[in-house]
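K.L.:
Input file: final_15.cif. Contents: mmCIF, C-alpha atoms and all ligand atoms.
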data_work
loop_
_atom_site.label_atom_id
_atom_site.label_comp_id
_atom_site.auth_asym_id
_atom_site.auth_seq_id
_atom_site.Cartn_x
_atom_site.Cartn_y
_atom_site.Cartn_z
CA MET C 1 8.62 -18.94 13.80
CA THR C 2 10.95 -16.09 13.70
CA ASP C 3 14.41 -15.53 14.89
CA GLU C 4 13.94 -12.04 16.20
CA GLN C 5 16.08 -12.18 19.33
CA THR C 6 18.43 -9.68 17.77
CA LEU C 7 15.61 -7.27 16.91
CA ASP C 8 13.52 -5.16 19.24
CA VAL C 9 10.05 -5.83 17.78
CA ARG C 10 7.04 -4.12 19.38
CA VAL C 11 3.93 -5.73 17.96
CA THR C 12 0.84 -3.50 17.96
CA ASP C 13 -2.50 -4.77 19.21
CA GLY C 14 -4.29 -4.11 15.92
CA GLY C 15 -3.66 -7.51 14.37
CA LEU C 16 -0.95 -6.17 12.11
CA GLY C 17 1.92 -3.75 12.41
CA ALA C 18 5.05 -3.71 14.52
CA GLU C 19 7.55 -1.06 15.43
CA ILE C 20 11.20 -2.03 15.17
CA ARG C 21 13.32 -0.11 17.62
CA GLY C 22 16.97 0.62 17.75
CA ILE C 23 18.11 0.15 14.19
CA ASP C 24 19.47 2.46 11.56
CA LEU C 25 18.27 1.34 8.15
CA ARG C 26 21.38 2.77 6.51
CA THR C 27 23.68 0.36 8.25
CA ILE C 28 21.86 -2.88 9.08
CA ASP C 29 23.89 -5.97 8.25
CA ALA C 30 22.72 -9.11 6.47
CA THR C 31 21.56 -10.84 9.66
CA GLY C 32 19.70 -7.76 10.81
CA PHE C 33 18.08 -7.46 7.44
CA ALA C 34 17.00 -11.12 7.43
CA ASP C 35 15.33 -10.55 10.81
CA VAL C 36 13.61 -7.43 9.52
CA LYS C 37 12.35 -9.35 6.52
CA GLN C 38 10.92 -12.10 8.73
CA ALA C 39 9.32 -9.56 11.07
CA TRP C 40 7.77 -7.91 8.02
CA LEU C 41 6.29 -11.19 6.75
CA ASP C 42 4.93 -11.91 10.24
CA ASN C 43 3.55 -8.43 10.98
CA LEU C 44 2.68 -7.18 7.45
CA VAL C 45 3.63 -3.57 8.22
CA LEU C 46 6.76 -2.32 9.98
CA LEU C 47 7.46 1.11 11.42
CA PHE C 48 11.01 2.37 11.93
CA ARG C 49 11.19 5.74 13.71
CA ASP C 50 13.88 8.40 13.79
CA GLN C 51 15.56 7.43 10.53
CA GLN C 52 17.73 9.86 8.60
CA LEU C 53 17.44 8.71 5.05
CA SER C 54 18.48 10.54 1.92
CA ASP C 55 16.64 9.51 -1.23
CA ALA C 56 19.63 7.36 -2.13
CA ASP C 57 19.47 5.68 1.31
CA LEU C 58 15.75 5.02 0.91
CA ILE C 59 16.35 3.46 -2.48
CA ALA C 60 19.32 1.43 -1.24
CA PHE C 61 17.35 0.01 1.71
CA SER C 62 14.33 -0.76 -0.50
CA ARG C 63 16.55 -2.59 -2.99
CA ARG C 64 17.52 -5.08 -0.33
CA LEU C 65 13.98 -6.43 -0.65
CA GLY C 66 14.21 -6.75 -4.41
CA GLU C 67 14.24 -4.83 -7.64
CA LEU C 68 12.30 -1.58 -7.62
CA ASP C 69 9.42 -0.56 -9.84
CA HIS C 70 9.44 2.85 -11.40
CA ALA C 71 7.01 5.16 -9.64
CA PRO C 72 3.66 5.85 -11.23
CA VAL C 73 3.52 9.06 -13.23
CA GLN C 74 2.48 11.86 -10.89
CA GLU C 75 -0.79 13.70 -11.29
CA THR C 76 0.95 16.58 -13.03
CA GLY C 77 2.75 14.25 -15.43
CA ARG C 78 5.99 14.71 -13.51
CA ARG C 79 8.29 11.73 -13.23
CA PHE C 80 11.93 11.02 -12.47
CA VAL C 81 11.95 13.20 -9.38
CA GLY C 82 15.52 14.35 -8.84
CA GLY C 83 16.62 11.98 -11.61
CA MET C 84 15.35 8.98 -9.61
CA PRO C 85 12.63 7.09 -11.47
CA GLU C 86 12.02 4.84 -8.44
CA LEU C 87 10.89 7.73 -6.27
CA TYR C 88 7.22 8.60 -5.84
CA VAL C 89 6.46 11.84 -4.03
CA VAL C 90 3.27 12.01 -1.97
CA SER C 91 2.68 15.64 -1.07
CA ASN C 92 0.26 18.53 -1.04
CA VAL C 93 3.05 21.10 -1.40
CA VAL C 94 2.85 23.42 -4.39
CA GLU C 95 6.03 25.04 -5.67
CA ASN C 96 6.02 27.55 -8.50
CA GLY C 97 2.40 26.73 -9.15
CA GLN C 98 3.12 22.99 -9.55
CA PRO C 99 2.32 20.29 -7.00
CA ILE C 100 5.58 18.54 -6.12
CA GLY C 101 3.79 15.24 -5.56
CA SER C 102 0.54 13.32 -5.66
CA LEU C 103 -2.60 12.76 -3.57
CA GLY C 104 -3.11 16.36 -2.41
CA ASN C 105 -4.42 16.84 1.12
CA GLY C 106 -7.72 14.95 0.90
CA GLU C 107 -8.60 11.48 2.02
CA ALA C 108 -6.86 8.67 0.17
CA VAL C 109 -9.33 5.80 0.10
CA TRP C 110 -8.49 2.16 0.90
CA HIS C 111 -6.28 0.69 -1.81
CA THR C 112 -3.37 -1.52 -2.75
CA ASP C 113 -0.51 0.21 -4.56
CA MET C 114 -0.39 -0.20 -8.33
CA SER C 115 -2.56 -3.31 -8.40
CA TYR C 116 -4.05 -2.03 -11.66
CA THR C 117 -0.88 -3.44 -13.23
CA GLU C 118 -0.44 -7.12 -14.14
CA LEU C 119 2.47 -7.54 -11.75
CA PRO C 120 1.85 -5.26 -8.77
CA PRO C 121 4.66 -4.35 -6.38
CA LYS C 122 5.03 -6.68 -3.42
CA ALA C 123 5.93 -3.90 -1.04
CA SER C 124 6.03 -0.16 -0.60
CA ALA C 125 8.26 1.89 1.66
CA LEU C 126 7.02 5.34 2.66
CA TYR C 127 9.35 7.80 4.36
CA ALA C 128 8.12 10.93 6.11
CA LEU C 129 10.10 14.12 5.54
CA GLU C 130 7.49 16.67 6.66
CA VAL C 131 4.18 15.98 8.38
CA PRO C 132 1.24 18.19 9.37
CA PRO C 133 0.61 18.86 13.08
CA THR C 134 -2.60 16.82 12.92
CA GLY C 135 -4.35 14.61 10.36
CA GLY C 136 -2.79 12.75 7.45
CA ASN C 137 -2.57 9.52 9.47
CA THR C 138 -2.23 6.33 7.45
CA SER C 139 -4.15 3.18 8.34
CA PHE C 140 -3.52 -0.40 7.28
CA VAL C 141 -5.87 -3.39 7.24
CA ASN C 142 -4.90 -7.05 7.45
CA MET C 143 -6.38 -8.76 4.42
CA TYR C 144 -5.53 -12.26 5.65
CA ALA C 145 -7.75 -11.54 8.64
CA VAL C 146 -10.49 -10.05 6.48
CA TYR C 147 -10.48 -13.20 4.35
CA ASP C 148 -10.49 -15.47 7.39
CA SER C 149 -13.46 -13.62 8.88
CA LEU C 150 -15.69 -13.96 5.80
CA PRO C 151 -18.78 -16.11 6.22
CA ASP C 152 -18.27 -19.51 4.57
CA ALA C 153 -20.96 -18.83 1.97
CA LEU C 154 -19.11 -15.71 0.85
CA LYS C 155 -15.80 -17.58 0.72
CA GLN C 156 -17.42 -20.18 -1.53
CA ARG C 157 -19.00 -17.52 -3.68
CA ILE C 158 -15.70 -15.79 -4.48
CA ALA C 159 -13.57 -18.91 -4.97
CA GLY C 160 -12.10 -18.81 -8.47
CA LEU C 161 -13.48 -15.35 -9.32
CA ARG C 162 -11.38 -12.48 -10.58
CA VAL C 163 -11.85 -8.78 -9.92
CA LYS C 164 -10.74 -5.80 -11.97
CA HIS C 165 -8.43 -3.41 -10.14
CA ASP C 166 -9.17 -0.03 -11.67
CA GLY C 167 -6.44 1.98 -13.35
CA THR C 168 -8.50 5.13 -13.92
CA TYR C 169 -8.27 6.87 -10.56
CA ASN C 170 -5.59 7.00 -7.93
CA SER C 171 -6.49 6.75 -4.25
CA GLY C 172 -6.84 10.52 -3.98
CA GLY C 173 -9.52 10.44 -6.67
CA PHE C 174 -7.29 11.99 -9.35
CA VAL C 175 -7.42 10.62 -12.90
CA ARG C 176 -4.16 8.93 -13.85
CA GLN C 177 -2.10 10.57 -16.57
CA GLY C 178 -3.07 9.51 -20.07
CA VAL C 179 -6.32 7.81 -19.06
CA ILE C 180 -9.68 8.87 -20.46
CA PRO C 181 -11.91 8.36 -17.45
CA SER C 182 -14.89 6.06 -17.63
CA ASP C 183 -17.16 5.30 -14.71
CA ASP C 184 -18.40 2.07 -16.23
CA PRO C 185 -16.45 -0.56 -14.30
CA ARG C 186 -16.76 -2.99 -17.22
CA GLU C 187 -15.02 -0.57 -19.58
CA ALA C 188 -12.48 0.99 -17.23
CA PRO C 189 -8.80 0.08 -17.72
CA GLY C 190 -7.16 -2.11 -15.10
CA ALA C 191 -5.91 -5.59 -14.33
CA LEU C 192 -7.87 -8.71 -13.43
CA HIS C 193 -6.62 -10.54 -10.36
CA PRO C 194 -8.03 -13.43 -8.32
CA ILE C 195 -10.19 -12.17 -5.43
CA VAL C 196 -8.53 -14.68 -3.16
CA TYR C 197 -4.79 -14.63 -3.40
CA THR C 198 -2.25 -17.02 -1.94
CA HIS C 199 0.68 -15.07 -0.61
CA PRO C 200 3.75 -16.45 -2.40
CA GLU C 201 6.00 -16.25 0.67
CA THR C 202 3.73 -17.13 3.58
CA GLY C 203 1.33 -19.46 1.75
CA ARG C 204 -1.60 -17.79 3.52
CA GLN C 205 -4.78 -16.73 1.74
CA ALA C 206 -5.78 -13.08 1.58
CA LEU C 207 -8.65 -11.16 0.10
CA TYR C 208 -7.29 -9.09 -2.78
CA LEU C 209 -9.52 -6.19 -3.75
CA GLY C 210 -7.26 -3.33 -4.84
CA ARG C 211 -9.76 -0.50 -4.66
CA ARG C 212 -13.52 -0.10 -4.68
CA ARG C 213 -14.07 2.50 -7.38
CA ASN C 214 -14.63 0.97 -10.83
CA ALA C 215 -14.00 -2.53 -9.50
CA TYR C 216 -15.76 -5.26 -11.42
CA VAL C 217 -16.10 -8.99 -10.84
CA GLU C 218 -15.39 -10.69 -14.13
CA GLY C 219 -18.30 -12.48 -15.74
CA LEU C 220 -21.07 -11.09 -13.52
CA ASP C 221 -23.87 -8.67 -14.34
CA LEU C 222 -22.88 -5.22 -13.20
CA ALA C 223 -25.54 -5.21 -10.48
CA GLU C 224 -24.43 -8.62 -9.19
CA SER C 225 -20.82 -7.52 -9.24
CA GLU C 226 -21.66 -4.36 -7.30
CA ALA C 227 -23.62 -6.32 -4.69
CA LEU C 228 -20.85 -8.85 -4.20
CA LEU C 229 -18.19 -6.13 -3.96
CA ASP C 230 -20.29 -4.17 -1.47
CA ALA C 231 -20.57 -7.28 0.71
CA LEU C 232 -16.79 -7.81 0.60
CA TRP C 233 -15.94 -4.15 1.18
CA ASP C 234 -18.32 -4.06 4.11
CA GLN C 235 -15.99 -6.57 5.78
CA VAL C 236 -13.01 -4.33 5.07
CA GLU C 237 -14.70 -1.18 6.38
CA HIS C 238 -15.70 -2.96 9.59
CA SER C 239 -12.53 -4.93 10.13
CA PRO C 240 -11.05 -4.63 13.62
CA HIS C 241 -7.72 -5.77 12.16
CA THR C 242 -6.31 -2.34 11.44
CA TRP C 243 -3.39 -0.26 12.58
CA THR C 244 -2.82 3.46 12.12
CA ASN C 245 0.45 5.33 11.98
CA VAL C 246 0.46 8.86 13.35
CA TRP C 247 3.46 10.11 11.42
CA ARG C 248 6.55 11.78 12.70
CA PRO C 249 9.33 13.06 10.46
CA GLY C 250 11.89 10.28 10.11
CA ASP C 251 9.28 7.49 10.09
CA LEU C 252 9.80 4.78 7.52
CA VAL C 253 6.83 2.46 7.08
CA LEU C 254 7.27 -0.69 5.04
CA TRP C 255 4.15 -2.62 4.07
CA ASP C 256 3.35 -5.85 2.34
CA ASN C 257 1.16 -4.89 -0.56
CA ARG C 258 -0.04 -8.47 -1.08
CA CYS C 259 -1.91 -8.87 2.20
CA THR C 260 -2.72 -5.31 3.33
CA MET C 261 -4.54 -2.27 2.05
CA HIS C 262 -4.05 1.27 3.29
CA ARG C 263 -5.85 4.60 3.42
CA ARG C 264 -4.98 8.11 4.56
CA ASP C 265 -6.95 10.71 6.50
CA PRO C 266 -7.27 14.20 5.07
CA PHE C 267 -5.32 17.06 6.64
CA ASP C 268 -5.28 20.85 6.69
CA PRO C 269 -4.39 22.11 3.20
CA ASP C 270 -2.37 24.95 4.72
CA SER C 271 0.08 22.57 6.36
CA ARG C 272 2.87 20.76 4.56
CA ARG C 273 3.19 16.99 4.17
CA VAL C 274 6.09 15.55 2.17
CA MET C 275 6.63 11.81 1.86
CA HIS C 276 8.90 9.82 -0.46
CA ARG C 277 7.98 6.31 -1.52
CA THR C 278 9.58 3.40 -3.26
CA GLN C 279 7.81 0.31 -4.55
CA ILE C 280 9.44 -3.11 -4.69
CA LYS C 281 8.59 -5.27 -7.68
CA GLY C 282 6.39 -8.30 -7.28
CA GLU C 283 7.98 -11.59 -8.21
CA SER C 284 4.92 -13.44 -9.39
CA ARG C 285 1.46 -12.56 -10.63
CA PRO C 286 -1.22 -12.79 -7.97
CA ALA C 287 -2.53 -16.38 -8.07
C1 LIG A 1 1.20 5.64 -0.73
C2 LIG A 1 0.00 6.14 -0.07
C3 LIG A 1 -0.75 7.50 1.72
C4 LIG A 1 -0.12 8.45 2.63
O1 LIG A 1 2.26 6.25 -0.57
O2 LIG A 1 1.11 4.61 -1.40
O3 LIG A 1 -1.06 5.65 -0.29
O4 LIG A 1 -0.35 8.37 3.82
N1 LIG A 1 0.21 7.11 0.80
O5 LIG A 1 0.61 9.31 2.16
MN MN A 2 -0.79 3.89 -1.58
#
Here is the file; what I need is its structure written in the form of structure tokens.
Ligand code: OGA
Ligand code: MN
P.N.:
Amino acid sequence: MTDEQTLDVRVTDGGLGAEIRGIDLRTIDATGFADVKQAWLDNLVLLFRDQQLSDADLIAFSRRLGELDHAPVQETGRRFVGGMPELYVVSNVVENGQPIGSLGNGEAVWHTDMSYTELPPKASALYALEVPPTGGNTSFVNMYAVYDSLPDALKQRIAGLRVKHDGTYNSGGFVRQGVIPSDDPREAPGALHPIVYTHPETGRQALYLGRRRNAYVEGLDLAESEALLDALWDQVEHSPHTWTNVWRPGDLVLWDNRCTMHRRDPFDPDSRRVMHRTQIKGESRPA
């Protein structure tokens, strides 16, 4: 178990997620960081409120978990925000006719970050700079728990199968830069990963789906693949093992991308939401 005596960890009742109180992410020492890391592995998603992070601070904290991935190219083709290739801006704000970030103000559907790549990031850290008065909440689901709750027959059915994680659309439904969209899941670009994934640090098994749109189970007829995916996604949509963050400016949420998915509620397009994200490189291919 964990050595969290030094940390104030408030576990939520959703089956994942914990708030860590009383620490400043700019100044935690090695022991504090080790406790945070263990709390993160145990709780899958951590919330730190009232932080005051510059982009450099966000990047420096994220780097303590490992090397960073460059952010995906934004919907407008923009990259290297403020000269920082690690920074991904999630925002609906438009400046000089150009969106400053990605995902707009609509719903962002359930997904895993960047799992359309061969080596997806193990973690993401999302920091809230400006949030709307209502809406735009972000929910997380525990994919260990979803796997555990599958009927045995379904577990047997998916053992050894791989699923394509689509690289055509982002979670806001926008086509990724440079991709010619196809809605045939067999043709769509993406990466194949095992549907059941053993977490490299905890050794626990999780369902690994990535995203629903354009997903395809390798080797099956399209109709069979769709039916199997619908059955699996039904378990996600009805999972009680979720936790939602109602954002405040200064919130930093750190999630484990290997055993959670997340989604975002829509919000009023006339309000501003500005979030900065980093993504920490995975160390091994999902297996
Ligand atoms: C992300 C993401 C949703 C949100 O940053 O990866 O999906 O709530 N964000 O902004
Ligand atoms: Mn995301």
K.L.:
Please identify all polymer residues lying at most 9 Å from the point (-3.4, 9.7, 11.0) (file coordinates), using all atoms listed in the file, and present the result as a list of chain:residue names.
P.N.:
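The distance filter leaves exactly C:Thr134, C:Gly135, C:Gly136, C:Asn137, C:Thr138, C:Ser139, C:Thr244, C:Asn245, C:Val246, C:Trp247, C:Arg264, C:Asp265, C:Pro266, C:Phe267.
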K.L.:
Output C-alpha atoms for every residue in that selection, as a PDB file, in the frame of the given file.
P.N.:
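Output contents, as saved in out.pdb:
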ATOM      1  CA  THR C 134      -2.600  16.820  12.920  1.00  0.00           C
ATOM      2  CA  GLY C 135      -4.350  14.610  10.360  1.00  0.00           C
ATOM      3  CA  GLY C 136      -2.790  12.750   7.450  1.00  0.00           C
ATOM      4  CA  ASN C 137      -2.570   9.520   9.470  1.00  0.00           C
ATOM      5  CA  THR C 138      -2.230   6.330   7.450  1.00  0.00           C
ATOM      6  CA  SER C 139      -4.150   3.180   8.340  1.00  0.00           C
ATOM      7  CA  THR C 244      -2.820   3.460  12.120  1.00  0.00           C
ATOM      8  CA  ASN C 245       0.450   5.330  11.980  1.00  0.00           C
ATOM      9  CA  VAL C 246       0.460   8.860  13.350  1.00  0.00           C
ATOM     10  CA  TRP C 247       3.460  10.110  11.420  1.00  0.00           C
ATOM     11  CA  ARG C 264      -4.980   8.110   4.560  1.00  0.00           C
ATOM     12  CA  ASP C 265      -6.950  10.710   6.500  1.00  0.00           C
ATOM     13  CA  PRO C 266      -7.270  14.200   5.070  1.00  0.00           C
ATOM     14  CA  PHE C 267      -5.320  17.060   6.640  1.00  0.00           C
TER      15      PHE C 267
END
K.L.:
Restrict the calculation to all atoms listed in the file, then for each residue of stretch 183-235 of chain C with any atom at most 9 Å from an atom of stretch 158-166 of chain C give the closest atom pair and their distance in Å to one decimal, rows by chain and rising residue number, as JSON lines.
P.N.:
{"residue": "C:Pro185", "atom": "CA", "partner": "C:Asp166", "partner_atom": "CA", "distance": 7.8}
{"residue": "C:Arg186", "atom": "CA", "partner": "C:Lys164", "partner_atom": "CA", "distance": 8.5}
{"residue": "C:Ala188", "atom": "CA", "partner": "C:Asp166", "partner_atom": "CA", "distance": 6.6}
{"residue": "C:Pro189", "atom": "CA", "partner": "C:Asp166", "partner_atom": "CA", "distance": 6.1}
{"residue": "C:Gly190", "atom": "CA", "partner": "C:Asp166", "partner_atom": "CA", "distance": 4.5}
{"residue": "C:Ala191", "atom": "CA", "partner": "C:His165", "partner_atom": "CA", "distance": 5.4}
{"residue": "C:Leu192", "atom": "CA", "partner": "C:Lys164", "partner_atom": "CA", "distance": 4.3}
{"residue": "C:His193", "atom": "CA", "partner": "C:Arg162", "partner_atom": "CA", "distance": 5.1}
{"residue": "C:Pro194", "atom": "CA", "partner": "C:Arg162", "partner_atom": "CA", "distance": 4.2}
{"residue": "C:Ile195", "atom": "CA", "partner": "C:Arg162", "partner_atom": "CA", "distance": 5.3}
{"residue": "C:Val196", "atom": "CA", "partner": "C:Ala159", "partner_atom": "CA", "distance": 6.8}
{"residue": "C:Tyr208", "atom": "CA", "partner": "C:Val163", "partner_atom": "CA", "distance": 8.5}
{"residue": "C:Leu209", "atom": "CA", "partner": "C:His165", "partner_atom": "CA", "distance": 7.1}
{"residue": "C:Gly210", "atom": "CA", "partner": "C:His165", "partner_atom": "CA", "distance": 5.4}
{"residue": "C:Arg211", "atom": "CA", "partner": "C:His165", "partner_atom": "CA", "distance": 6.3}
{"residue": "C:Arg212", "atom": "CA", "partner": "C:His165", "partner_atom": "CA", "distance": 8.2}
{"residue": "C:Arg213", "atom": "CA", "partner": "C:Asp166", "partner_atom": "CA", "distance": 7.0}
{"residue": "C:Asn214", "atom": "CA", "partner": "C:Asp166", "partner_atom": "CA", "distance": 5.6}
{"residue": "C:Ala215", "atom": "CA", "partner": "C:Lys164", "partner_atom": "CA", "distance": 5.2}
{"residue": "C:Tyr216", "atom": "CA", "partner": "C:Lys164", "partner_atom": "CA", "distance": 5.1}
{"residue": "C:Val217", "atom": "CA", "partner": "C:Val163", "partner_atom": "CA", "distance": 4.4}
{"residue": "C:Glu218", "atom": "CA", "partner": "C:Arg162", "partner_atom": "CA", "distance": 5.6}
{"residue": "C:Gly219", "atom": "CA", "partner": "C:Leu161", "partner_atom": "CA", "distance": 8.5}
{"residue": "C:Leu228", "atom": "CA", "partner": "C:Ile158", "partner_atom": "CA", "distance": 8.6}
K.L.:
Counting all atoms listed in the file, what is within 12 Å of C:Tyr127, bar same-chain residues fewer than 2 positions away, as a PyMOL selection string?
P.N.:
chain C and resi 25+46-55+57-59+61-62+87-91+124-125+129-131+245+247-255+273-279
K.L.:
List all protein, DNA and RNA residues that have at least one atom no more than 7 Å from any atom of ligand MN 2 (chain A), counting all atoms listed in the file, and write them as a PyMOL selection string.
P.N.:
chain C and resi 111-113+171+262
K.L.:
Could you work out an axis-aligned box for stretch 158-170 of chain C, taking every atom the file lists and adding 3 Å on each side, and report centre and edge lengths in Å to one decimal, as JSON?
P.N.:
{"center_x": -10.6, "center_y": -6.0, "center_z": -9.2, "size_x": 16.1, "size_y": 31.9, "size_z": 15.4}
K.L.:
To one decimal place in Å, what is the distance between atom CA of C:Pro286 and atom CA of C:Ala60?
P.N.:
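For atom CA of C:Pro286 relative to atom CA of C:Ala60, the distance reads 25.9 Å.
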K.L.:
For ligand LIG 1 (chain A), which of C:Phe33, C:Trp233, C:Trp110, C:Tyr116 is the closest residue, counting all atoms listed in the file?
P.N.:
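Closest to ligand LIG 1 (chain A), using all atoms listed in the file: C:Trp110.
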K.L.:
Which residue gives the smallest distance to ligand LIG 1 (chain A) among C:Lys281, C:Arg258, C:Lys155, C:Arg263, with all atoms listed in the file counted?
P.N.:
C:Arg263
K.L.:
Using atom CA of C:Ile20 and atom CA of C:Leu7 as the two end points, give the distance in Å to one decimal.
P.N.:
7.1 Å
K.L.:
Nearest residue to C:His241 out of C:Val146, C:Cys259, C:Leu207, C:Ala34, using all atoms listed in the file?
P.N.:
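Closest candidate: C:Val146.
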K.L.:
Pick the closest to ligand LIG 1 (chain A) from C:Gly83, C:Gly17, C:Pro120, C:Gly172: which is it, counting all atoms listed in the file?
P.N.:
C:Gly172
K.L.:
Calculated over only C-alpha atoms, which of the candidates C:Phe140, C:Leu232, C:Ala227, C:Asn170 has the smallest distance to C:Leu154?
P.N.:
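For C:Leu154, the nearest of the given residues is C:Leu232.
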K.L.:
Report the distance between atom CA of C:Ser115 and atom CA of C:Pro269 in Å, rounded to one decimal place.
P.N.:
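Computed distance, atom CA of C:Ser115 to atom CA of C:Pro269, equals 28.0 Å.
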